[in-house]
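Listing of target.csv; format and content: CSV, C-alpha atoms and all ligand atoms.
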chain,number,residue,atom,x,y,z
A,106,MET,CA,-21.8,-20.5,33.2
A,107,THR,CA,-23.3,-19.7,29.9
A,108,ALA,CA,-21.0,-19.3,26.9
A,109,PRO,CA,-20.0,-15.7,26.2
A,110,HIS,CA,-22.2,-14.0,23.7
A,111,THR,CA,-21.0,-12.4,20.5
A,112,LEU,CA,-22.3,-8.9,20.5
A,113,GLY,CA,-22.4,-8.0,16.8
A,114,HIS,CA,-23.7,-4.8,15.4
A,115,ARG,CA,-27.4,-5.2,14.7
A,116,ASP,CA,-27.8,-3.3,11.5
A,117,GLY,CA,-24.3,-3.6,10.0
A,118,ARG,CA,-24.0,0.2,9.7
A,119,ALA,CA,-21.6,0.6,12.6
A,120,ASP,CA,-18.2,2.1,12.2
A,121,SER,CA,-16.0,-0.3,14.1
A,122,ALA,CA,-13.3,2.4,14.6
A,123,ALA,CA,-15.7,4.8,16.2
A,124,PRO,CA,-16.4,4.9,20.0
A,125,VAL,CA,-19.5,3.1,21.1
A,126,LEU,CA,-20.8,6.4,22.5
A,127,GLN,CA,-19.6,9.9,21.8
A,128,LEU,CA,-21.1,13.0,23.5
A,129,ASP,CA,-20.1,16.4,22.4
A,130,GLY,CA,-21.1,19.6,24.3
A,131,LEU,CA,-24.2,17.8,25.5
A,132,GLY,CA,-26.6,19.9,27.5
A,133,TRP,CA,-30.2,20.1,28.7
A,134,SER,CA,-32.1,23.1,30.0
A,135,ILE,CA,-35.6,23.2,31.2
A,136,GLY,CA,-37.7,26.1,32.6
A,137,GLY,CA,-34.7,28.4,32.7
A,138,ALA,CA,-32.6,25.9,34.7
A,139,THR,CA,-29.6,24.2,33.1
A,140,ILE,CA,-29.6,20.6,34.4
A,141,VAL,CA,-26.8,19.1,32.2
A,142,GLN,CA,-24.1,21.3,30.7
A,143,ASP,CA,-21.4,20.9,28.1
A,144,ILE,CA,-20.7,17.1,28.6
A,145,THR,CA,-18.0,15.9,26.2
A,146,LEU,CA,-16.8,12.3,26.5
A,147,SER,CA,-16.3,9.1,24.5
A,148,VAL,CA,-16.7,5.5,25.6
A,149,ARG,CA,-14.9,2.7,23.8
A,150,GLU,CA,-16.3,-0.8,23.2
A,151,GLY,CA,-16.1,-3.0,26.3
A,152,GLU,CA,-15.5,-0.1,28.7
A,153,PHE,CA,-17.1,0.3,32.1
A,154,LEU,CA,-17.7,3.9,32.9
A,155,ALA,CA,-19.2,4.8,36.2
A,156,PHE,CA,-20.9,8.1,37.0
A,157,ILE,CA,-20.8,9.5,40.5
A,158,GLY,CA,-21.7,12.9,42.0
A,159,PRO,CA,-23.7,14.5,44.7
A,160,ASN,CA,-27.5,14.2,44.7
A,161,GLY,CA,-29.1,16.4,42.0
A,162,ALA,CA,-25.8,16.6,40.0
A,163,GLY,CA,-27.6,15.5,36.8
A,164,LYS,CA,-26.5,11.9,36.5
A,165,THR,CA,-30.0,10.5,35.8
A,166,SER,CA,-30.8,13.4,33.5
A,167,LEU,CA,-27.6,12.6,31.5
A,168,PHE,CA,-28.8,9.0,31.2
A,169,ASN,CA,-32.1,10.2,30.0
A,170,LEU,CA,-30.4,12.2,27.3
A,171,ILE,CA,-28.2,9.3,26.2
A,172,SER,CA,-31.0,6.8,26.1
A,173,GLY,CA,-33.4,9.3,24.3
A,174,THR,CA,-36.1,9.6,26.9
A,175,THR,CA,-35.2,13.3,27.0
A,176,MET,CA,-34.0,15.3,24.0
A,177,PRO,CA,-31.0,17.6,24.5
A,178,THR,CA,-31.1,21.3,24.1
A,179,ALA,CA,-27.4,21.5,23.2
A,180,GLY,CA,-24.7,19.3,21.8
A,181,THR,CA,-24.7,15.9,20.0
A,182,ILE,CA,-24.9,12.2,20.8
A,183,ALA,CA,-23.4,9.5,18.5
A,184,LEU,CA,-23.6,5.7,18.8
A,185,ASP,CA,-20.9,3.8,16.9
A,186,GLY,CA,-20.1,7.0,14.9
A,187,THR,CA,-23.7,7.5,13.8
A,188,ASP,CA,-25.4,10.7,15.0
A,189,MET,CA,-28.4,9.9,17.2
A,190,THR,CA,-29.0,13.4,18.7
A,191,ASP,CA,-32.6,13.7,17.3
A,192,ARG,CA,-33.4,10.0,17.2
A,193,PRO,CA,-36.0,8.6,19.6
A,194,ALA,CA,-35.3,6.0,22.3
A,195,HIS,CA,-36.6,3.0,20.4
A,196,VAL,CA,-34.2,3.8,17.5
A,197,ARG,CA,-31.3,3.9,20.0
A,198,ALA,CA,-32.5,0.7,21.5
A,199,ARG,CA,-32.4,-1.0,18.1
A,200,ARG,CA,-28.8,0.2,17.9
A,201,GLY,CA,-28.0,-1.9,21.0
A,202,LEU,CA,-28.6,0.6,23.8
A,203,GLY,CA,-30.5,-0.6,26.8
A,204,ARG,CA,-31.1,0.9,30.2
A,205,THR,CA,-32.5,0.3,33.6
A,206,PHE,CA,-34.3,2.9,35.7
A,207,GLN,CA,-33.6,4.2,39.3
A,208,THR,CA,-37.1,3.2,40.3
A,209,SER,CA,-38.5,-0.3,39.8
A,210,SER,CA,-40.3,-0.9,36.5
A,211,LEU,CA,-41.8,-4.3,37.5
A,212,TRP,CA,-45.4,-5.4,37.7
A,213,PRO,CA,-46.0,-6.6,41.3
A,214,ALA,CA,-48.5,-9.4,40.5
A,215,MET,CA,-46.7,-10.8,37.5
A,216,THR,CA,-44.3,-13.7,37.8
A,217,VAL,CA,-40.5,-13.5,37.2
A,218,ALA,CA,-40.8,-15.8,34.1
A,219,ASP,CA,-43.7,-13.8,32.6
A,220,HIS,CA,-41.7,-10.5,32.9
A,221,VAL,CA,-39.0,-12.1,30.8
A,222,ARG,CA,-41.5,-13.7,28.4
A,223,LEU,CA,-43.2,-10.5,27.8
A,224,ALA,CA,-39.9,-8.7,27.1
A,225,ALA,CA,-39.0,-11.5,24.6
A,226,GLN,CA,-42.4,-11.2,22.9
A,227,ALA,CA,-42.0,-7.4,22.7
A,228,ALA,CA,-38.4,-7.8,21.4
A,229,ARG,CA,-39.3,-10.4,18.7
A,230,GLY,CA,-42.5,-8.6,17.7
A,231,GLY,CA,-44.8,-11.3,19.0
A,232,SER,CA,-48.3,-10.7,20.4
A,233,TYR,CA,-48.7,-10.1,24.2
A,234,ARG,CA,-50.1,-13.6,25.2
A,235,LEU,CA,-49.0,-15.4,28.3
A,236,TRP,CA,-51.3,-18.4,27.8
A,237,ARG,CA,-50.0,-19.9,24.5
A,238,ARG,CA,-49.7,-23.7,24.7
A,239,ALA,CA,-46.6,-24.0,22.6
A,240,ASP,CA,-44.6,-21.1,24.0
A,241,PRO,CA,-41.7,-20.3,21.6
A,242,TYR,CA,-39.9,-18.3,24.3
A,243,THR,CA,-39.5,-21.0,27.0
A,244,ALA,CA,-35.9,-21.8,26.2
A,245,GLU,CA,-35.0,-18.1,26.0
A,246,VAL,CA,-36.7,-17.3,29.2
A,247,ASP,CA,-35.1,-20.2,31.0
A,248,GLY,CA,-31.7,-19.2,29.7
A,249,VAL,CA,-32.0,-15.5,30.7
A,250,LEU,CA,-33.2,-16.5,34.2
A,251,GLU,CA,-30.3,-18.9,34.6
A,252,ARG,CA,-27.8,-16.3,33.6
A,253,THR,CA,-29.2,-13.8,36.1
A,254,GLY,CA,-29.4,-16.4,38.9
A,255,LEU,CA,-33.2,-16.3,39.0
A,256,GLY,CA,-34.0,-19.8,37.7
A,257,HIS,CA,-35.3,-20.9,41.1
A,258,ARG,CA,-37.6,-17.9,41.3
A,259,ALA,CA,-39.3,-18.3,37.9
A,260,GLY,CA,-42.8,-18.8,39.4
A,261,ALA,CA,-42.5,-16.1,42.1
A,262,THR,CA,-44.3,-12.8,41.6
A,263,ALA,CA,-42.3,-9.6,41.5
A,264,SER,CA,-43.9,-8.6,44.8
A,265,GLU,CA,-42.4,-11.7,46.5
A,266,LEU,CA,-38.8,-10.8,45.4
A,267,SER,CA,-36.2,-9.3,47.6
A,268,HIS,CA,-34.8,-5.9,46.4
A,269,GLY,CA,-31.7,-7.7,45.1
A,270,GLU,CA,-33.8,-10.2,43.2
A,271,LYS,CA,-35.9,-7.3,41.7
A,272,ARG,CA,-32.8,-5.7,40.5
A,273,LYS,CA,-31.7,-9.0,38.9
A,274,LEU,CA,-35.1,-9.3,37.2
A,275,GLU,CA,-34.7,-5.8,35.8
A,276,LEU,CA,-31.4,-6.9,34.4
A,277,ALA,CA,-33.0,-10.1,33.0
A,278,VAL,CA,-35.6,-8.0,31.2
A,279,LEU,CA,-32.9,-5.8,29.8
A,280,LEU,CA,-30.8,-8.8,28.6
A,281,VAL,CA,-33.6,-10.1,26.5
A,282,GLY,CA,-32.8,-7.3,24.0
A,283,GLU,CA,-29.0,-8.3,24.2
A,284,PRO,CA,-27.9,-4.6,24.6
A,285,ARG,CA,-24.3,-4.0,23.7
A,286,LEU,CA,-24.3,-0.7,25.6
A,287,MET,CA,-26.1,-0.9,29.0
A,288,LEU,CA,-27.0,2.1,31.1
A,289,LEU,CA,-27.6,1.0,34.7
A,290,ASP,CA,-29.1,3.7,37.0
A,291,GLU,CA,-28.3,2.9,40.6
A,292,PRO,CA,-28.7,-0.9,40.4
A,293,MET,CA,-27.8,-1.3,44.0
A,294,ALA,CA,-30.5,1.1,45.3
A,295,GLY,CA,-32.5,-0.4,48.1
A,296,VAL,CA,-30.5,-3.7,47.9
A,297,SER,CA,-29.4,-5.2,51.3
A,298,ALA,CA,-25.7,-5.4,52.1
A,299,GLU,CA,-25.9,-9.3,51.9
A,300,GLU,CA,-27.2,-9.1,48.3
A,301,VAL,CA,-24.7,-6.5,47.0
A,302,PRO,CA,-21.9,-9.0,46.2
A,303,ALA,CA,-24.1,-11.3,44.0
A,304,LEU,CA,-25.5,-8.4,42.1
A,305,THR,CA,-22.0,-6.9,41.7
A,306,GLU,CA,-20.8,-10.3,40.4
A,307,LEU,CA,-23.7,-10.4,37.9
A,308,ILE,CA,-22.9,-7.0,36.5
A,309,ARG,CA,-19.2,-7.9,36.4
A,310,THR,CA,-20.1,-11.0,34.3
A,311,LEU,CA,-22.2,-9.0,31.9
A,312,HIS,CA,-19.3,-6.6,31.4
A,313,ARG,CA,-16.2,-8.8,31.5
A,314,GLU,CA,-17.4,-12.2,30.3
A,315,GLU,CA,-20.2,-11.1,27.9
A,316,GLY,CA,-18.2,-8.1,26.7
A,317,ARG,CA,-20.9,-5.5,27.1
A,318,THR,CA,-20.1,-1.8,27.4
A,319,VAL,CA,-21.5,-0.5,30.7
A,320,LEU,CA,-22.4,3.0,32.0
A,321,MET,CA,-23.5,2.9,35.6
A,322,VAL,CA,-24.7,5.5,38.1
A,323,GLU,CA,-23.8,4.3,41.6
A,324,HIS,CA,-23.3,5.8,45.0
A,325,HIS,CA,-21.5,2.7,46.4
A,326,MET,CA,-17.8,3.6,45.8
A,327,ASP,CA,-16.7,0.2,47.1
A,328,VAL,CA,-18.8,-1.5,44.4
A,329,LEU,CA,-17.4,0.8,41.7
A,330,LEU,CA,-13.8,0.5,42.6
A,331,GLY,CA,-13.9,-3.2,41.7
A,332,LEU,CA,-15.8,-2.7,38.4
A,333,ALA,CA,-15.2,0.6,36.7
A,334,ASP,CA,-12.4,1.3,34.3
A,335,ARG,CA,-13.1,5.1,34.6
A,336,LEU,CA,-15.1,7.3,36.9
A,337,ALA,CA,-16.9,10.4,35.6
A,338,VAL,CA,-17.7,12.8,38.4
A,339,MET,CA,-20.7,15.1,37.8
A,340,HIS,CA,-21.3,18.3,39.8
A,341,HIS,CA,-24.0,20.9,39.1
A,342,GLY,CA,-24.7,19.3,35.7
A,343,ARG,CA,-21.1,19.5,34.6
A,344,LEU,CA,-18.3,16.9,34.2
A,345,LEU,CA,-15.9,17.7,37.0
A,346,ALA,CA,-13.5,14.9,36.4
A,347,LEU,CA,-13.1,11.8,34.2
A,348,ASP,CA,-10.2,9.4,34.9
A,349,THR,CA,-9.3,6.1,36.5
A,350,PRO,CA,-10.9,5.5,39.9
A,351,GLU,CA,-7.5,6.0,41.6
A,352,ALA,CA,-6.9,9.3,40.0
A,353,VAL,CA,-10.4,10.6,40.6
A,354,THR,CA,-10.5,9.7,44.3
A,355,ALA,CA,-7.2,11.4,44.8
A,356,ASP,CA,-8.3,14.6,43.0
A,357,PRO,CA,-8.6,17.5,45.4
A,358,THR,CA,-11.3,19.2,43.2
A,359,VAL,CA,-13.4,16.1,43.5
A,360,GLN,CA,-12.9,15.8,47.2
A,361,GLN,CA,-13.9,19.5,47.5
A,362,ALA,CA,-17.1,18.8,45.6
A,363,TYR,CA,-18.0,16.0,48.0
A,364,LEU,CA,-17.0,18.0,51.1
A,365,GLY,CA,-19.4,17.0,53.9
A,366,GLU,CA,-20.9,14.2,51.9
A,367,GLY,CA,-17.9,11.8,51.8
A,368,LEU,CA,-16.5,10.2,48.7
B,401,LIG,N1,-38.1,17.5,34.3
B,401,LIG,C1,-37.4,18.3,35.2
B,401,LIG,N2,-37.8,19.5,35.3
B,401,LIG,C2,-37.1,20.4,36.2
B,401,LIG,N3,-36.0,20.0,36.9
B,401,LIG,C3,-35.6,18.7,36.7
B,401,LIG,C4,-36.3,17.8,35.9
B,401,LIG,N4,-35.6,16.6,36.0
B,401,LIG,C5,-34.6,16.8,36.8
B,401,LIG,N5,-34.6,18.0,37.3
B,401,LIG,C6,-33.6,18.6,38.3
B,401,LIG,O1,-32.4,18.4,37.7
B,401,LIG,C7,-31.4,18.1,38.8
B,401,LIG,C8,-30.6,16.9,38.5
B,401,LIG,O2,-31.5,15.8,38.7
B,401,LIG,P1,-31.0,14.3,38.4
B,401,LIG,O3,-32.1,13.4,38.8
B,401,LIG,O4,-30.5,14.2,37.0
B,401,LIG,O5,-29.7,14.2,39.4
B,401,LIG,P2,-29.0,12.9,39.9
B,401,LIG,O6,-27.5,13.3,39.9
B,401,LIG,O7,-29.4,11.7,39.2
B,401,LIG,O8,-29.4,12.9,41.4
B,401,LIG,P3,-29.6,11.6,42.4
B,401,LIG,O9,-28.2,11.1,42.7
B,401,LIG,O10,-30.3,12.2,43.6
B,401,LIG,O11,-30.5,10.6,41.6
B,401,LIG,C9,-32.2,18.1,40.1
B,401,LIG,O12,-32.1,19.3,40.7
B,401,LIG,C10,-33.6,17.9,39.6
B,401,LIG,O13,-34.6,18.4,40.5
Show how you would write the structure in this file as structure tokens.
Amino acid sequence: MTAPHTLGHRDGRADSAAPVLQLDGLGWSIGGATIVQDITLSVREGEFLAFIGPNGAGKTSLFNLISGTTMPTAGTIALDGTDMTDRPAHVRARRGLGRTFQTSSLWPAMTVADHVRLAAQAARGGSYRLWRRADPYTAEVDGVLERTGLGHRAGATASELSHGEKRKLELAVLLVGEPRLMLLDEPMAGVSAEEVPALTELIRTLHREEGRTVLMVEHHMDVLLGLADRLAVMHHGRLLALDTPEAVTADPTVQQAYLGEGL
């Protein structure tokens, strides 16, 4: 096990008393349709907040707003007490926000190690060269692959990986930037039942042992009940409930929203 990482504020401007993430009245409308509506919540440092909700409830759209890939049409977003509402994704990333996507963002013919190496070069401002003789990123690449359980797959191409290994590689690429706040969009999607426990354990380590704040969209309730401090339930773009997993699953309003789909 690698030693826990100290996740310090990158630019020293953070207000340590402020929540890591604060959303106030956040909304997004497009083409006359309101996709995300009036979301107000705060996330404290080190918390694990999971988002659940029926298909099309607006969970991915909310992650897009938080990460800056979509700009909100209402409300505000603050990171560590600093308003980020109009700031682009790369500025939020510099403030320690990292995310994975629902669909795979890997290059099929590129090796596992080269994915991580490219991410390291991009993060450290190096040039995109995979053939350098004296590779300054070797130790970092090895370390990240070991932390994510992919050391033995360093030379495999992404196309040779199982779904679970692909998800681990996406996490490995994300970890290169040492995000303090990680947004994981359905990290178990497409992963076989046998691979779910190892992936769950990796996410638990990133949260509990490495101290990262995690927001995760996930449909597997059994996975979430062992990980999440709080569950946020989204329905028709709104926040229907936000509480402990026990309270949320017992909430009749939530059960009603899931009627016919199972919670
Ligand atoms: N760019 C867009 N333009 C128009 N409608 C959109 C756009 N992006 C998303 N939507 C719509 O917004 C709604 C919410 O989509 P979103 O992907 O955020 O839901 P979700 O809760 O993540 O769903 P799932 O669990 O199926 O991934 C859907 O009805 C979707 O079709």
Can you pull out the residues contacting A:Met321? Cut-off 8 Å, using all atoms listed in the file, and skip same-chain residues under 6 positions away; I want them as a PDB file with C-alpha atoms, keeping the file's coordinate frame.
ATOM      1  CA  PHE A 153     -17.100   0.300  32.100  1.00  0.00           C
ATOM      2  CA  LEU A 154     -17.700   3.900  32.900  1.00  0.00           C
ATOM      3  CA  ALA A 155     -19.200   4.800  36.200  1.00  0.00           C
ATOM      4  CA  PHE A 156     -20.900   8.100  37.000  1.00  0.00           C
ATOM      5  CA  LEU A 288     -27.000   2.100  31.100  1.00  0.00           C
ATOM      6  CA  LEU A 289     -27.600   1.000  34.700  1.00  0.00           C
ATOM      7  CA  ASP A 290     -29.100   3.700  37.000  1.00  0.00           C
ATOM      8  CA  GLU A 291     -28.300   2.900  40.600  1.00  0.00           C
TER       9      GLU A 291
END
Could you tell me, counting all atoms listed in the file, which protein and nucleic acid residues lie no more than 9 Å from ligand LIG 401 (chain B), written as a ChimeraX atom specification? /A:134-136,138-141,156-169,175,207,290-291,322-324,339-342
With only C-alpha atoms as the counted atoms, please give the residues lying no more than 8 Å from A:Asp348, apart from itself and same-chain residues fewer than 4 positions off, as a PDB file with C-alpha atoms, in the frame of the given file.
ATOM      1  CA  ARG A 335     -13.100   5.100  34.600  1.00  0.00           C
ATOM      2  CA  LEU A 336     -15.100   7.300  36.900  1.00  0.00           C
ATOM      3  CA  ALA A 337     -16.900  10.400  35.600  1.00  0.00           C
ATOM      4  CA  ALA A 352      -6.900   9.300  40.000  1.00  0.00           C
ATOM      5  CA  VAL A 353     -10.400  10.600  40.600  1.00  0.00           C
TER       6      VAL A 353
END
Which residues are near A:Val328? Cut-off 10 Å, only C-alpha atoms, ignore same chain within fewer than 4 positions. Put them as JSON, numbers by chain. {"A": [293, 301, 302, 304, 305, 306, 323, 324, 332, 333]}
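Atom pair atom CA of A:Leu211 / atom CA of A:Arg192: separated by 26.2 Å.
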With N, CA and C atoms as the goal, would you fill in the gaps in stretch 196-224 of chain A and present it as a PDB file, keeping the file's coordinate frame?
ATOM      1  N   VAL A 196     -35.183   3.890  18.562  1.00  0.00           N
ATOM      2  CA  VAL A 196     -34.200   3.800  17.500  1.00  0.00           C
ATOM      3  C   VAL A 196     -32.799   3.478  18.168  1.00  0.00           C
ATOM      4  N   ARG A 197     -32.531   4.166  19.262  1.00  0.00           N
ATOM      5  CA  ARG A 197     -31.300   3.900  20.000  1.00  0.00           C
ATOM      6  C   ARG A 197     -31.249   2.503  20.554  1.00  0.00           C
ATOM      7  N   ALA A 198     -32.411   2.031  21.002  1.00  0.00           N
ATOM      8  CA  ALA A 198     -32.500   0.700  21.500  1.00  0.00           C
ATOM      9  C   ALA A 198     -32.181  -0.337  20.412  1.00  0.00           C
ATOM     10  N   ARG A 199     -32.681  -0.066  19.222  1.00  0.00           N
ATOM     11  CA  ARG A 199     -32.400  -1.000  18.100  1.00  0.00           C
ATOM     12  C   ARG A 199     -30.905  -0.963  17.755  1.00  0.00           C
ATOM     13  N   ARG A 200     -30.207   0.123  18.089  1.00  0.00           N
ATOM     14  CA  ARG A 200     -28.800   0.200  17.900  1.00  0.00           C
ATOM     15  C   ARG A 200     -27.974  -0.463  18.986  1.00  0.00           C
ATOM     16  N   GLY A 201     -28.688  -1.085  19.940  1.00  0.00           N
ATOM     17  CA  GLY A 201     -28.000  -1.900  21.000  1.00  0.00           C
ATOM     18  C   GLY A 201     -27.893  -1.178  22.323  1.00  0.00           C
ATOM     19  N   LEU A 202     -28.631  -0.073  22.505  1.00  0.00           N
ATOM     20  CA  LEU A 202     -28.600   0.600  23.800  1.00  0.00           C
ATOM     21  C   LEU A 202     -29.758   0.178  24.660  1.00  0.00           C
ATOM     22  N   GLY A 203     -29.452  -0.257  25.879  1.00  0.00           N
ATOM     23  CA  GLY A 203     -30.500  -0.600  26.800  1.00  0.00           C
ATOM     24  C   GLY A 203     -30.258   0.006  28.163  1.00  0.00           C
ATOM     25  N   ARG A 204     -31.336   0.279  28.911  1.00  0.00           N
ATOM     26  CA  ARG A 204     -31.100   0.900  30.200  1.00  0.00           C
ATOM     27  C   ARG A 204     -32.079   0.389  31.271  1.00  0.00           C
ATOM     28  N   THR A 205     -31.639   0.515  32.517  1.00  0.00           N
ATOM     29  CA  THR A 205     -32.500   0.300  33.600  1.00  0.00           C
ATOM     30  C   THR A 205     -32.800   1.629  34.300  1.00  0.00           C
ATOM     31  N   PHE A 206     -33.859   1.662  35.108  1.00  0.00           N
ATOM     32  CA  PHE A 206     -34.300   2.900  35.700  1.00  0.00           C
ATOM     33  C   PHE A 206     -33.997   2.863  37.246  1.00  0.00           C
ATOM     34  N   GLN A 207     -33.899   4.061  37.823  1.00  0.00           N
ATOM     35  CA  GLN A 207     -33.600   4.200  39.300  1.00  0.00           C
ATOM     36  C   GLN A 207     -34.758   3.560  40.068  1.00  0.00           C
ATOM     37  N   THR A 208     -35.990   3.791  39.616  1.00  0.00           N
ATOM     38  CA  THR A 208     -37.100   3.200  40.300  1.00  0.00           C
ATOM     39  C   THR A 208     -37.587   1.959  39.584  1.00  0.00           C
ATOM     40  N   SER A 209     -38.144   1.023  40.332  1.00  0.00           N
ATOM     41  CA  SER A 209     -38.500  -0.300  39.800  1.00  0.00           C
ATOM     42  C   SER A 209     -39.563  -0.148  38.683  1.00  0.00           C
ATOM     43  N   SER A 210     -39.375  -0.917  37.617  1.00  0.00           N
ATOM     44  CA  SER A 210     -40.300  -0.900  36.500  1.00  0.00           C
ATOM     45  C   SER A 210     -41.043  -2.225  36.391  1.00  0.00           C
ATOM     46  N   LEU A 211     -41.173  -2.947  37.517  1.00  0.00           N
ATOM     47  CA  LEU A 211     -41.800  -4.300  37.500  1.00  0.00           C
ATOM     48  C   LEU A 211     -43.266  -4.230  37.833  1.00  0.00           C
ATOM     49  N   TRP A 212     -43.970  -5.284  37.425  1.00  0.00           N
ATOM     50  CA  TRP A 212     -45.400  -5.400  37.700  1.00  0.00           C
ATOM     51  C   TRP A 212     -45.508  -6.342  38.966  1.00  0.00           C
ATOM     52  N   PRO A 213     -46.013  -5.844  40.087  1.00  0.00           N
ATOM     53  CA  PRO A 213     -46.000  -6.600  41.300  1.00  0.00           C
ATOM     54  C   PRO A 213     -46.625  -7.990  41.256  1.00  0.00           C
ATOM     55  N   ALA A 214     -47.740  -8.129  40.527  1.00  0.00           N
ATOM     56  CA  ALA A 214     -48.500  -9.400  40.500  1.00  0.00           C
ATOM     57  C   ALA A 214     -48.010 -10.369  39.440  1.00  0.00           C
ATOM     58  N   MET A 215     -47.092  -9.932  38.595  1.00  0.00           N
ATOM     59  CA  MET A 215     -46.700 -10.800  37.500  1.00  0.00           C
ATOM     60  C   MET A 215     -45.440 -11.607  37.893  1.00  0.00           C
ATOM     61  N   THR A 216     -45.385 -12.848  37.401  1.00  0.00           N
ATOM     62  CA  THR A 216     -44.300 -13.700  37.800  1.00  0.00           C
ATOM     63  C   THR A 216     -42.959 -13.266  37.116  1.00  0.00           C
ATOM     64  N   VAL A 217     -41.890 -13.763  37.684  1.00  0.00           N
ATOM     65  CA  VAL A 217     -40.500 -13.500  37.200  1.00  0.00           C
ATOM     66  C   VAL A 217     -40.464 -13.968  35.699  1.00  0.00           C
ATOM     67  N   ALA A 218     -40.901 -15.216  35.451  1.00  0.00           N
ATOM     68  CA  ALA A 218     -40.800 -15.800  34.100  1.00  0.00           C
ATOM     69  C   ALA A 218     -41.649 -14.970  33.110  1.00  0.00           C
ATOM     70  N   ASP A 219     -42.833 -14.534  33.549  1.00  0.00           N
ATOM     71  CA  ASP A 219     -43.700 -13.800  32.600  1.00  0.00           C
ATOM     72  C   ASP A 219     -43.128 -12.412  32.293  1.00  0.00           C
ATOM     73  N   HIS A 220     -42.406 -11.797  33.236  1.00  0.00           N
ATOM     74  CA  HIS A 220     -41.700 -10.500  32.900  1.00  0.00           C
ATOM     75  C   HIS A 220     -40.770 -10.737  31.746  1.00  0.00           C
ATOM     76  N   VAL A 221     -39.979 -11.803  31.834  1.00  0.00           N
ATOM     77  CA  VAL A 221     -39.000 -12.100  30.800  1.00  0.00           C
ATOM     78  C   VAL A 221     -39.656 -12.478  29.497  1.00  0.00           C
ATOM     79  N   ARG A 222     -40.719 -13.282  29.622  1.00  0.00           N
ATOM     80  CA  ARG A 222     -41.500 -13.700  28.400  1.00  0.00           C
ATOM     81  C   ARG A 222     -42.051 -12.550  27.678  1.00  0.00           C
ATOM     82  N   LEU A 223     -42.664 -11.638  28.418  1.00  0.00           N
ATOM     83  CA  LEU A 223     -43.200 -10.500  27.800  1.00  0.00           C
ATOM     84  C   LEU A 223     -42.184  -9.628  27.065  1.00  0.00           C
ATOM     85  N   ALA A 224     -41.021  -9.505  27.730  1.00  0.00           N
ATOM     86  CA  ALA A 224     -39.900  -8.700  27.100  1.00  0.00           C
ATOM     87  C   ALA A 224     -39.475  -9.429  25.832  1.00  0.00           C
TER      88      ALA A 224
END
